[in-house]
Amino acid sequence: MCQNWSIGISAIKVRQEENMSEYKEQELIRKAKLNFINKKDLNPAGIRTEILNSWKRTFNYDISKVSLKEKLLSADELNDRITRRKDFYDIAVHIIEGLNEFSIGSGYMSLLSDEEGYMLLCLGNKEIQGNAKNNYLIEGCNRSESRLGTNAIGTSIIAKEPVQVIGEEHFFSVFTQWSCTAAPIFYPDGSIAGVFGLSGPISKANHLTLSFVTATAETITRQLKLKKIHDDLQRAKDNIELMGEVAPSGLILLDSNLNIIQLNRKALQLLQKKESDVINRPLDSLFSKTNLDGWNVYDVYGEHGIFYKTGKKAHHFTAYSRKTKSNDYIIVFEPNNELHQRINRLVGSEAHFSFDDIIGSSDSMSMAVKLAKVASKTDINILLTGENGTGKELFAQSIHNASERKEGPFITINCGALPRSLIESELFGYEGGSFTGSKKEGNVGKFELANGGTIFLDEIGEMPFDAQAALLRVLENKEIVRIGATKTIKIDVRIISATNKDLPAMIREGVFREDLYYRLNVLDIHIPALRDRGEDIKLLADYFIKKYSKGNLQLSDKSYHRLKNRLWPGNVRELENHIEKTVHLMQSGLTETEIEYLTDKLNIGIDLSGKDNVSLKSEAENPQTKIQENNLSLKDNECICIKKALSASCWNVQAAAKKLGISRRTIYRKMEKYNIKRNI
C-alpha cells in the first residue's frame, strides 16, 4: 500500500514539474511577444520561425482589435459555400468523421476550413464545443490570419505547410488558452483546397498531434487526386461513348482475334441487330465471308465494300479498319449513299440538275438530249463537245442523276484551272511527305472521292500531255496509285469529259493523245451553239426573265426578234447574263437613255407590267443588226463582229471580250480560228 502511495506521489510531482516547465515556457513567449509588439525586440530568441514570421505578418496587417463576430456566415451562405466545394467537402468529411472517435477521446475538436479560412465543419464533444462557441470557433466563422492574426488555421493557409500554435504563440490574448494544430489540403493542381485541424485547451497540448494532423491532411489530398483521376477517366470514357454514339458512321470494336467487343448505336441501327446478339461473337458471325468478299480486316489500308442483307433488303456499305494502341481493331462503315452525299457536300460538287432542267425544243437540242438519256442507262465514257456556255456541265449532271450511280458522288474537275504541277496530286492523291508542301497526313485524290459515282473532267483539252498518260492508265486498269505510294487502289468510276476544243486537230498537232481520245470518246454528244437553235431562244429568254423578275416582266415580239438575230458567241450563258442585267436595270427605275448609256451593246427590249416595248438601241445604231442584213454566213458575220469589237477597243482584247460578252480565252480562240491579226 505504502509503495503504491509512493508511486502516485512521484507521478504527481512529475506532472507538476511538467506544468511548471510549460508555464515558464509560455511566460517567456508572452514576454517576447510583448517586446515584439512594443518594437523592443523584433527578432526574439526562442520563438519558432513559422510563429515569428506570422507575428510579423500580423503586425503588418495593422489589426487593432479582434472582432470574432465579423464575417460570420448565415446558414444559407455556409450551405452555398459547401455546395461549391462539394467534392472536397464530401471526401474530407468522410475521413474526418472516421477519426472523430479519436478526436473526442483526446479532448480535441476536429476542424475543416476552406481555402479562405471559413469553417465548414467543427466536430467535438459537448464540453469543447461549448468552450469553442464562446470563442466563436463555430461553423461559418472565418479564421484567416489577416483577421485574427497568428492562429493554426489561418497561418497554415498562408504558409502552405503544417503549423502548431500553442497558447501565447497566438498573437491575440483571446486565443492564448487554446492549442491548435492545422495542415493544408491541396487540389491536384497544387492550389489549396482547405485546412484540417485539431483544436483544444492548452492543457491538452501535445506535439504528437502535428504528425496526426499532417497525415490526415495528406490522406485527404491523395483522395482528391484519386477522385480527379477517376473523374478524368470517366469523362474520357463518356466522351468516347458520346462521340461513338453521335458519329455518322457505324463503329465496331474488335479484339485481336476479331471478336466483337462493342458497337455504337449507328452500327446497331444499320445492321438491325441488338447488342446482346453480337457482343463477344466473331466478326464473321455478323458478316459472312461472302459478305466480306475476301477483306482482310488486319490490313488497315484502303477501303472495302461490304454487301449485307436484312430480310429481303440488300445494303451496300463502304468500310475500313484501324488498329488501336491496345492492338484492338475498329471497323468504320456507312451506307454508300450517305458516304457519297457527304463527299458531295465536302467537295462542293453535287449534281443538282436533271434532264427536266434542259430547255430547248429544236431538233439539234432534242437529239443531244435523246443521246444523253440513252448514255445515262449505260456505264460508257462520254465526251461532251460544244462551245463555252452551251451547258456541258448541265448535261453531265443530268446523265449522272438519271444513271444507276445517282446515289454516288459527282465530282467535277476543271482541268484548265489546275496548276500543271498539281494536277496529278489532285486527280490521284498523295501520301504524306511525298513532296515539299504536302500535308503530313496525305490527301485523297478526286478519283478516290468519286468511287462509286461519276467524275466530270471539264476542259479535258487543257490537260497537260504528261498527265494524259497517267489518266489513260486509270481508264485502262480501273485503279490508281497515290503519289509517293506503291499500293494500288481499285476504283469504280464513270467518266464524263467535256471540251470546247477540236481534239482531233490537237491530236494531229501532237498535243493530245489519240489513245486517250478514243478511251474518253466512247460516245460523243455534241451540244449545239445557241445561234444554231434560234427557235430555243424565246423559251430560254422567257425562263430567265421569269427567274430574275419573278414574273413581273415579259418579252415583246420585237425584242424577241432582235434576240434571235444576235450571234451569241457566249451562248446560253451570255443570253442569261444579258437578260439578268437588263431586268435589274429596268426594275431599278432607270430611264431608256440611262440604260443605253450603261449597256452600250445590249439590244433587248422588255415590257414592264404590260407597258409598251422599250428598245435600248435603234436598229440603225446596232452593228450586229446590220451584219445580219449582208447575207453573209454566220461564221463570216462572227468574224466581222469580232474584228469590229477589236477595232473599237483599239485592239484591247479584254475590252473587246467585254463588249461581246465573252471570255478573253474565247476571243483568243476565235482570233486563232479566223486568223484575225492586227495590221501594223
# chains A, B, ... in the order shown; residues from 1 in each chain; ligands from 1

$ closest_atom_pairs --of "segment 137-204 of chain A" --to "segment 218-240 of chain A" --cutoff "6 Å" --atoms "only C-alpha atoms" --output "CSV"
residue,atom,partner,partner_atom,distance
A:Ile185,CA,A:Thr221,CA,5.5
A:Phe186,CA,A:Thr221,CA,5.4
A:Pro188,CA,A:Lys225,CA,5.2

$ residues_around --residues "Asn135 of chain A" --least-positions-apart "2" --cutoff "12 Å" --atoms "only C-alpha atoms" --output "PyMOL selection string"
chain A and resi 66-69+128-133+137-139+141-143+148+173-178+199-201

$ write_last_selection --atoms "C-alpha atoms" --output "CSV table (one decimal), in the first residue's frame"
chain,number,residue,atom,x,y,z
A,66,VAL,CA,-10.2,41.3,-33.0
A,67,SER,CA,-13.9,41.0,-33.8
A,68,LEU,CA,-14.9,37.4,-33.6
A,69,LYS,CA,-18.4,38.0,-34.9
A,128,ILE,CA,-15.3,21.5,-26.0
A,129,GLN,CA,-17.9,22.7,-28.5
A,130,GLY,CA,-19.4,24.9,-25.7
A,131,ASN,CA,-16.0,26.4,-25.0
A,132,ALA,CA,-15.3,26.9,-28.7
A,133,LYS,CA,-18.7,28.5,-29.2
A,137,LEU,CA,-15.0,28.8,-33.2
A,138,ILE,CA,-18.1,27.6,-35.0
A,139,GLU,CA,-19.1,26.6,-38.5
A,141,CYS,CA,-16.7,31.7,-38.8
A,142,ASN,CA,-13.6,33.0,-40.5
A,143,ARG,CA,-10.2,32.1,-39.1
A,148,LEU,CA,-7.4,37.1,-36.3
A,173,SER,CA,-4.7,37.1,-26.0
A,174,VAL,CA,-8.3,35.9,-26.7
A,175,PHE,CA,-6.8,32.7,-28.1
A,176,THR,CA,-4.0,32.0,-25.6
A,177,GLN,CA,-5.9,29.4,-23.7
A,178,TRP,CA,-6.1,27.2,-26.9
A,199,SER,CA,-8.1,22.5,-31.5
A,200,GLY,CA,-8.4,22.1,-27.8
A,201,PRO,CA,-7.5,23.6,-24.4

$ atom_distance --atom1 "atom CA of Leu28 of chain A" --atom2 "atom CA of Asn43 of chain A"
13.8 Å

$ atom_distance --atom1 "atom CA of Leu123 of chain A" --atom2 "atom CA of Tyr108 of chain A"
8.8 Å

$ residues_around --residues "Ile460 of chain A" --least-positions-apart "4" --cutoff "10 Å" --atoms "only C-alpha atoms" --output "list of chain:residue names"
A:Leu383, A:Ile413, A:Asn414, A:Cys415, A:Gly416, A:Phe456, A:Pro464, A:Gln468, A:Ile496, A:Ser497, A:Ala498, A:Thr499, A:Asn500, A:Lys501, A:Leu503, A:Phe512, A:Tyr517, A:Leu520

$ atom_distance --atom1 "atom CA of Glu127 of chain A" --atom2 "atom CA of Glu27 of chain A"
27.0 Å

$ residues_around --residues "Ile330 of chain A" --least-positions-apart "5" --cutoff "6 Å" --atoms "only C-alpha atoms" --output "ChimeraX atom specification"
/A:252-253,321-322

$ write_last_selection --atoms "N, CA and C atoms" --output "mmCIF file, in the first residue's frame"
data_model
loop_
_atom_site.group_PDB
_atom_site.id
_atom_site.type_symbol
_atom_site.label_atom_id
_atom_site.label_comp_id
_atom_site.auth_asym_id
_atom_site.auth_seq_id
_atom_site.Cartn_x
_atom_site.Cartn_y
_atom_site.Cartn_z
ATOM 1 N N ILE A 252 -17.538 -0.615 -85.055
ATOM 2 C CA ILE A 252 -17.475 -1.933 -84.415
ATOM 3 C C ILE A 252 -16.074 -2.099 -83.836
ATOM 4 N N LEU A 253 -15.996 -2.332 -82.515
ATOM 5 C CA LEU A 253 -14.719 -2.552 -81.850
ATOM 6 C C LEU A 253 -14.469 -4.050 -81.732
ATOM 7 N N SER A 321 -10.741 -0.372 -91.725
ATOM 8 C CA SER A 321 -10.369 -0.745 -90.361
ATOM 9 C C SER A 321 -9.168 0.061 -89.898
ATOM 10 N N ARG A 322 -9.070 0.224 -88.558
ATOM 11 C CA ARG A 322 -7.937 0.896 -87.947
ATOM 12 C C ARG A 322 -7.502 0.109 -86.714
#

$ residues_around --residues "Leu268 of chain A" --least-positions-apart "2" --cutoff "12 Å" --atoms "only C-alpha atoms" --output "list in words"
Gly244, Glu245, Ser249, Gly250, Leu251, Ile252, Gln262, Leu263, Asn264, Arg265, Lys266, Leu270, Leu271, Gln272, Lys273, Lys274, Glu275, Ser276, Asp277, Val278, Ile279, Leu286, Phe333 and Glu334 of chain A

$ write_last_selection --atoms "N, CA and C atoms" --output "PDB file, in the first residue's frame"
ATOM      1  N   GLY A 244     -18.855   8.137 -80.103  1.00  0.00           N
ATOM      2  CA  GLY A 244     -19.273   6.937 -80.818  1.00  0.00           C
ATOM      3  C   GLY A 244     -20.753   6.953 -81.132  1.00  0.00           C
ATOM      4  N   GLU A 245     -21.541   7.469 -80.183  1.00  0.00           N
ATOM      5  CA  GLU A 245     -22.995   7.475 -80.385  1.00  0.00           C
ATOM      6  C   GLU A 245     -23.436   8.525 -81.389  1.00  0.00           C
ATOM      7  N   SER A 249     -21.057   7.398 -88.689  1.00  0.00           N
ATOM      8  CA  SER A 249     -20.726   6.084 -89.226  1.00  0.00           C
ATOM      9  C   SER A 249     -20.984   4.998 -88.186  1.00  0.00           C
ATOM     10  N   GLY A 250     -21.148   3.776 -88.677  1.00  0.00           N
ATOM     11  CA  GLY A 250     -21.214   2.633 -87.785  1.00  0.00           C
ATOM     12  C   GLY A 250     -19.816   2.282 -87.296  1.00  0.00           C
ATOM     13  N   LEU A 251     -19.676   1.975 -86.001  1.00  0.00           N
ATOM     14  CA  LEU A 251     -18.384   1.628 -85.419  1.00  0.00           C
ATOM     15  C   LEU A 251     -18.486   0.265 -84.743  1.00  0.00           C
ATOM     16  N   ILE A 252     -17.538  -0.615 -85.055  1.00  0.00           N
ATOM     17  CA  ILE A 252     -17.475  -1.933 -84.415  1.00  0.00           C
ATOM     18  C   ILE A 252     -16.074  -2.099 -83.836  1.00  0.00           C
ATOM     19  N   GLN A 262     -17.673  -4.213 -78.902  1.00  0.00           N
ATOM     20  CA  GLN A 262     -18.675  -3.162 -78.723  1.00  0.00           C
ATOM     21  C   GLN A 262     -19.101  -2.612 -80.075  1.00  0.00           C
ATOM     22  N   LEU A 263     -20.334  -2.114 -80.147  1.00  0.00           N
ATOM     23  CA  LEU A 263     -20.851  -1.437 -81.336  1.00  0.00           C
ATOM     24  C   LEU A 263     -21.507  -0.137 -80.890  1.00  0.00           C
ATOM     25  N   ASN A 264     -21.454   0.872 -81.733  1.00  0.00           N
ATOM     26  CA  ASN A 264     -22.192   2.086 -81.399  1.00  0.00           C
ATOM     27  C   ASN A 264     -23.631   1.987 -81.903  1.00  0.00           C
ATOM     28  N   ARG A 265     -24.414   2.964 -81.540  1.00  0.00           N
ATOM     29  CA  ARG A 265     -25.852   2.933 -81.860  1.00  0.00           C
ATOM     30  C   ARG A 265     -26.098   2.907 -83.362  1.00  0.00           C
ATOM     31  N   LYS A 266     -25.267   3.680 -84.117  1.00  0.00           N
ATOM     32  CA  LYS A 266     -25.440   3.742 -85.567  1.00  0.00           C
ATOM     33  C   LYS A 266     -25.215   2.373 -86.191  1.00  0.00           C
ATOM     34  N   LEU A 270     -27.906   0.308 -88.414  1.00  0.00           N
ATOM     35  CA  LEU A 270     -27.664  -0.087 -89.802  1.00  0.00           C
ATOM     36  C   LEU A 270     -27.786  -1.589 -89.996  1.00  0.00           C
ATOM     37  N   LEU A 271     -27.305  -2.344 -89.007  1.00  0.00           N
ATOM     38  CA  LEU A 271     -27.311  -3.805 -89.118  1.00  0.00           C
ATOM     39  C   LEU A 271     -28.606  -4.432 -88.614  1.00  0.00           C
ATOM     40  N   GLN A 272     -29.435  -3.577 -87.960  1.00  0.00           N
ATOM     41  CA  GLN A 272     -30.716  -4.036 -87.397  1.00  0.00           C
ATOM     42  C   GLN A 272     -30.491  -5.215 -86.444  1.00  0.00           C
ATOM     43  N   LYS A 273     -29.573  -4.992 -85.489  1.00  0.00           N
ATOM     44  CA  LYS A 273     -29.225  -6.009 -84.503  1.00  0.00           C
ATOM     45  C   LYS A 273     -29.359  -5.439 -83.098  1.00  0.00           C
ATOM     46  N   LYS A 274     -29.524  -6.345 -82.134  1.00  0.00           N
ATOM     47  CA  LYS A 274     -29.439  -5.976 -80.727  1.00  0.00           C
ATOM     48  C   LYS A 274     -28.018  -6.238 -80.254  1.00  0.00           C
ATOM     49  N   GLU A 275     -27.549  -5.408 -79.323  1.00  0.00           N
ATOM     50  CA  GLU A 275     -26.179  -5.551 -78.841  1.00  0.00           C
ATOM     51  C   GLU A 275     -25.931  -6.944 -78.256  1.00  0.00           C
ATOM     52  N   SER A 276     -26.907  -7.465 -77.548  1.00  0.00           N
ATOM     53  CA  SER A 276     -26.748  -8.773 -76.906  1.00  0.00           C
ATOM     54  C   SER A 276     -26.595  -9.907 -77.926  1.00  0.00           C
ATOM     55  N   ASP A 277     -27.043  -9.656 -79.167  1.00  0.00           N
ATOM     56  CA  ASP A 277     -26.968 -10.705 -80.194  1.00  0.00           C
ATOM     57  C   ASP A 277     -25.568 -10.853 -80.789  1.00  0.00           C
ATOM     58  N   VAL A 278     -24.729  -9.818 -80.643  1.00  0.00           N
ATOM     59  CA  VAL A 278     -23.441  -9.841 -81.353  1.00  0.00           C
ATOM     60  C   VAL A 278     -22.217  -9.703 -80.451  1.00  0.00           C
ATOM     61  N   ILE A 279     -22.387  -9.184 -79.228  1.00  0.00           N
ATOM     62  CA  ILE A 279     -21.236  -8.985 -78.341  1.00  0.00           C
ATOM     63  C   ILE A 279     -20.557 -10.327 -78.046  1.00  0.00           C
ATOM     64  N   LEU A 286     -21.329 -12.052 -87.974  1.00  0.00           N
ATOM     65  CA  LEU A 286     -22.136 -10.895 -88.358  1.00  0.00           C
ATOM     66  C   LEU A 286     -22.089 -10.702 -89.866  1.00  0.00           C
ATOM     67  N   PHE A 333     -17.865   1.898 -90.833  1.00  0.00           N
ATOM     68  CA  PHE A 333     -18.607   1.632 -92.073  1.00  0.00           C
ATOM     69  C   PHE A 333     -19.848   2.510 -92.151  1.00  0.00           C
ATOM     70  N   GLU A 334     -20.300   2.738 -93.344  1.00  0.00           N
ATOM     71  CA  GLU A 334     -21.529   3.505 -93.549  1.00  0.00           C
ATOM     72  C   GLU A 334     -22.116   3.174 -94.917  1.00  0.00           C
TER      73      GLU A 334
END

$ residues_around --residues "Glu535 of chain A" --least-positions-apart "2" --cutoff "9 Å" --atoms "only C-alpha atoms" --output "list in words"
Gly360, Ser361, Ser362, Asp532, Arg533, Ile537, Lys538, Leu539 and Lys564 of chain A

$ write_last_selection --atoms "C-alpha atoms" --output "PDB file, in the first residue's frame"
ATOM      1  CA  GLY A 360     -34.987  23.567-125.770  1.00  0.00           C
ATOM      2  CA  SER A 361     -37.211  22.009-128.410  1.00  0.00           C
ATOM      3  CA  SER A 362     -35.022  22.431-131.514  1.00  0.00           C
ATOM      4  CA  ASP A 532     -27.719  27.108-134.302  1.00  0.00           C
ATOM      5  CA  ARG A 533     -31.004  26.659-132.455  1.00  0.00           C
ATOM      6  CA  ILE A 537     -34.074  31.494-127.727  1.00  0.00           C
ATOM      7  CA  LYS A 538     -37.635  32.548-126.846  1.00  0.00           C
ATOM      8  CA  LEU A 539     -38.011  29.586-124.470  1.00  0.00           C
ATOM      9  CA  LYS A 564     -32.954  35.813-132.246  1.00  0.00           C
TER      10      LYS A 564
END

$ select_by_dssp --residues "segment 151-182 of chain A" --states "alpha helix (DSSP H)" --output "list in words"
Ala152, Ile153, Gly154, Thr155, Ser156, Ile157, Ile158 and Ala159 of chain A

$ write_last_selection --atoms "N, CA and C atoms" --output "JSON list (two decimals), in the first residue's frame"
[["chain", "number", "residue", "atom", "x", "y", "z"],
["A", 152, "ALA", "N", -3.61, 28.64, -36.00],
["A", 152, "ALA", "CA", -3.18, 27.49, -36.79],
["A", 152, "ALA", "C", -3.87, 27.42, -38.15],
["A", 153, "ILE", "N", -5.19, 27.64, -38.20],
["A", 153, "ILE", "CA", -5.93, 27.54, -39.47],
["A", 153, "ILE", "C", -5.45, 28.59, -40.45],
["A", 154, "GLY", "N", -5.51, 29.88, -40.06],
["A", 154, "GLY", "CA", -5.14, 30.97, -40.96],
["A", 154, "GLY", "C", -3.69, 30.96, -41.34],
["A", 155, "THR", "N", -2.80, 30.67, -40.37],
["A", 155, "THR", "CA", -1.36, 30.67, -40.64],
["A", 155, "THR", "C", -0.97, 29.52, -41.56],
["A", 156, "SER", "N", -1.62, 28.37, -41.43],
["A", 156, "SER", "CA", -1.35, 27.23, -42.31],
["A", 156, "SER", "C", -1.71, 27.55, -43.76],
["A", 157, "ILE", "N", -2.78, 28.31, -43.95],
["A", 157, "ILE", "CA", -3.19, 28.70, -45.32],
["A", 157, "ILE", "C", -2.13, 29.58, -45.95],
["A", 158, "ILE", "N", -1.59, 30.55, -45.19],
["A", 158, "ILE", "CA", -0.57, 31.46, -45.72],
["A", 158, "ILE", "C", 0.74, 30.74, -45.95],
["A", 159, "ALA", "N", 1.17, 29.93, -44.96],
["A", 159, "ALA", "CA", 2.47, 29.25, -45.04],
["A", 159, "ALA", "C", 2.44, 28.05, -45.97]]

$ closest_residue --among "A:Asn521, A:Met463, A:Arg482, A:Val213" --to "Arg420 of chain A" --atoms "only C-alpha atoms"
A:Met463
